[in-house]
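Quick notes on the structure that follows.
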Amino acid sequence: MLTLLTNDDGFGWPGIKILEQALLEKGHEVWVCAPDSPRSASSHSISIHKKLRFTKVDERHYHCSGTPADCLLFGLRGVLPIKPDLIISGINNGYNISTDILYSGTVSAAREGAFLGYPSIALSAQCRKDGCNYQGAADFLAESLDSFLPFCDKESFLNINVPFDFTGIWEAGALGYIDYHDKVSLVESQGNESYYSIGGSIEPEQRCTTPSTDFQVVARGNASVTALSILPQCDWEKQERLKQLYKGFVQLS
C-alpha cells in the first residue's frame with residue numbers, strides 16, 4: 001500500500017518517523033510530506049497569499065514551508081508524483097480530542113486528504129513528562145488498518161487517539177466540549193503596544209454530559225476512534241426553524 005504521511009509537529013518530529021518505520025515493517029511504500037517546522041493549532045489554513053517552498057530531501061521525503069493542509073493540497077495537486085492509497089496525519093504530540101479538532105493541524109490535514117478524495121486518518125498519542133506513546137499508537141494503527149480502512153472515504157475520515165498507558169482496547173468515541181480554562185497573560189508593554197500569551201490547564205475538563213466521548217474513552221486507557229465528516233454538521237432543528245421563518249417572510253412580501 002502506498003501511504004503518504006504528514007503532520008503538524010514538523011518533518012523532523014519523532015512521531016512521524018516512528019509511524020513511518022511501523023508501516024515500512026508492514027510492507028507499505030511510505031512517502032512523507034510534512035511542514036518544515038511546527039505548525040500546531042494551524043487548523044485548516046492554507047497559503048493563498050504567498051509562495052510555498054517544497055524541499056525534496058530524497059526520493060520519498062519532502063518538507064514544505066506551509067501548513068499541514070498545504071502539504072497535501074499543493075503536494076497532491078502538483079508537487080508529488082504519486083496518488084496514495086492512504087493518507088495518515090500524525091503521530092501528533094498529544095491528544096486531538098473533542099473540541100481540539102477545531103484547532104488541530106493534524107486533524108485538518110486528514111480532512112484535506114479526504115476532501116481531495118483519499119482515504120485519510122489522523123493519529124495522536126498522549127504525552128506526559130516521561131515521554132509520548134508514539135510506538136504504541138504506531139503499532140496499534142499498523143495492526144488495525146485493515147479494519148479501519150472501510151470507514152475512510154470521500155465523505156469522512158477517522159480521528160484516533162491513543163493513551164500513554166494503552167490497554168490495547170479501542171472504543172468508538174463521540175465528540176464533546178473540552179474546557180482548558182485558557183488564561184491570557186500580559187507579557188510585555190511598550191508604549192501603546194502590549195504583548196500577550198495564552199496558556200491553559202494541564203488537566204482539561206469536559207463541560208458537557210455527553211456519554212462515551214473520546215475524552216472519557218482515553219481516560220479509561222482505551223484508544224478512541226471517531227468517524228468525522230468532512231463537512232461541519234448543520235443544526236437541523238434550527239435549519240427547520242429557519243425554513244419556517246423564510247416561508248413567513250415570503251408570505252408577508
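Naming scheme: A, B, ... for chains in displayed order of the C-alpha cells; residues 1 onward per chain; ligands 1 onward as shown.
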Lys51 of chain A: which residues within 9 Å, counting only C-alpha atoms, same-chain residues fewer than 2 positions away excluded, as a list in words? Ser47, Ile48, His49, Arg53, Ser65 and Gly66 of chain A
Excluding segment 157-168 of chain A and its own-chain neighbours fewer than 3 positions away, which residues fall within 9 Å of it when counting only C-alpha atoms? Please give them as a ChimeraX atom specification. /A:94-97,101,107,110-111,113-114,119-128,131-134,136-137,140-141,148-149,151-154,214,218-230
Residue set, segment 22-151 of chain A restricted to helix (DSSP H, G or I), as a count of residues only: 50
Between A:Leu245, A:Ile46, A:Ile87, A:Ile178, which is the closest to Glu203 of chain A once you count only C-alpha atoms?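 The closest residue to Glu203 of chain A is A:Ile178.
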Per-residue DSSP, segment 4-253 of chain A, filtered to strand (DSSP E or B), as a ChimeraX atom specification: /A:4-6,29-35,54-58,61-64,86-93,120-125,127-128,131-132,156-162,170-172,174,178-179,183-190,193-199,205-206,213,223-229
Kindly indicate which residue among A:Leu116, A:Ala109, A:Leu4, A:Cys64 lies nearest to Arg77 of chain A, using only C-alpha atoms for the distances.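 Going through A:Leu116, A:Ala109, A:Leu4, A:Cys64 one by one, the smallest distance to Arg77 of chain A is for A:Leu116.
The closest residue to Glu112 of chain A, picked from A:Gln233, A:Thr210, A:Gln244, A:Ser43 and counting only C-alpha atoms, is A:Ser43.
Near Tyr177 of chain A, within a cut-off of 12 Å and counting only C-alpha atoms, sit the residues Ile97, Ser98, Thr99, Asp100, Ile101, Leu102, Ala174, Tyr180, Pro204, Glu205, Gln206, Arg207, Cys208, Thr209, Thr210, Pro211, Thr213, Asp214, Phe215 and Gln216 of chain A, with same-chain residues fewer than 3 positions away left out.
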Within 8 Å of Pro35 of chain A, counting only C-alpha atoms, which residues qualify if same-chain residues fewer than 4 places away don't, as a VMD selection string? chain A and resid 6 to 11 39 63 to 68 71
So, counting only C-alpha atoms, which residue among A:Thr55, A:Ser37, A:Pro81, A:Ser194 is closest to Leu2 of chain A? A:Pro81
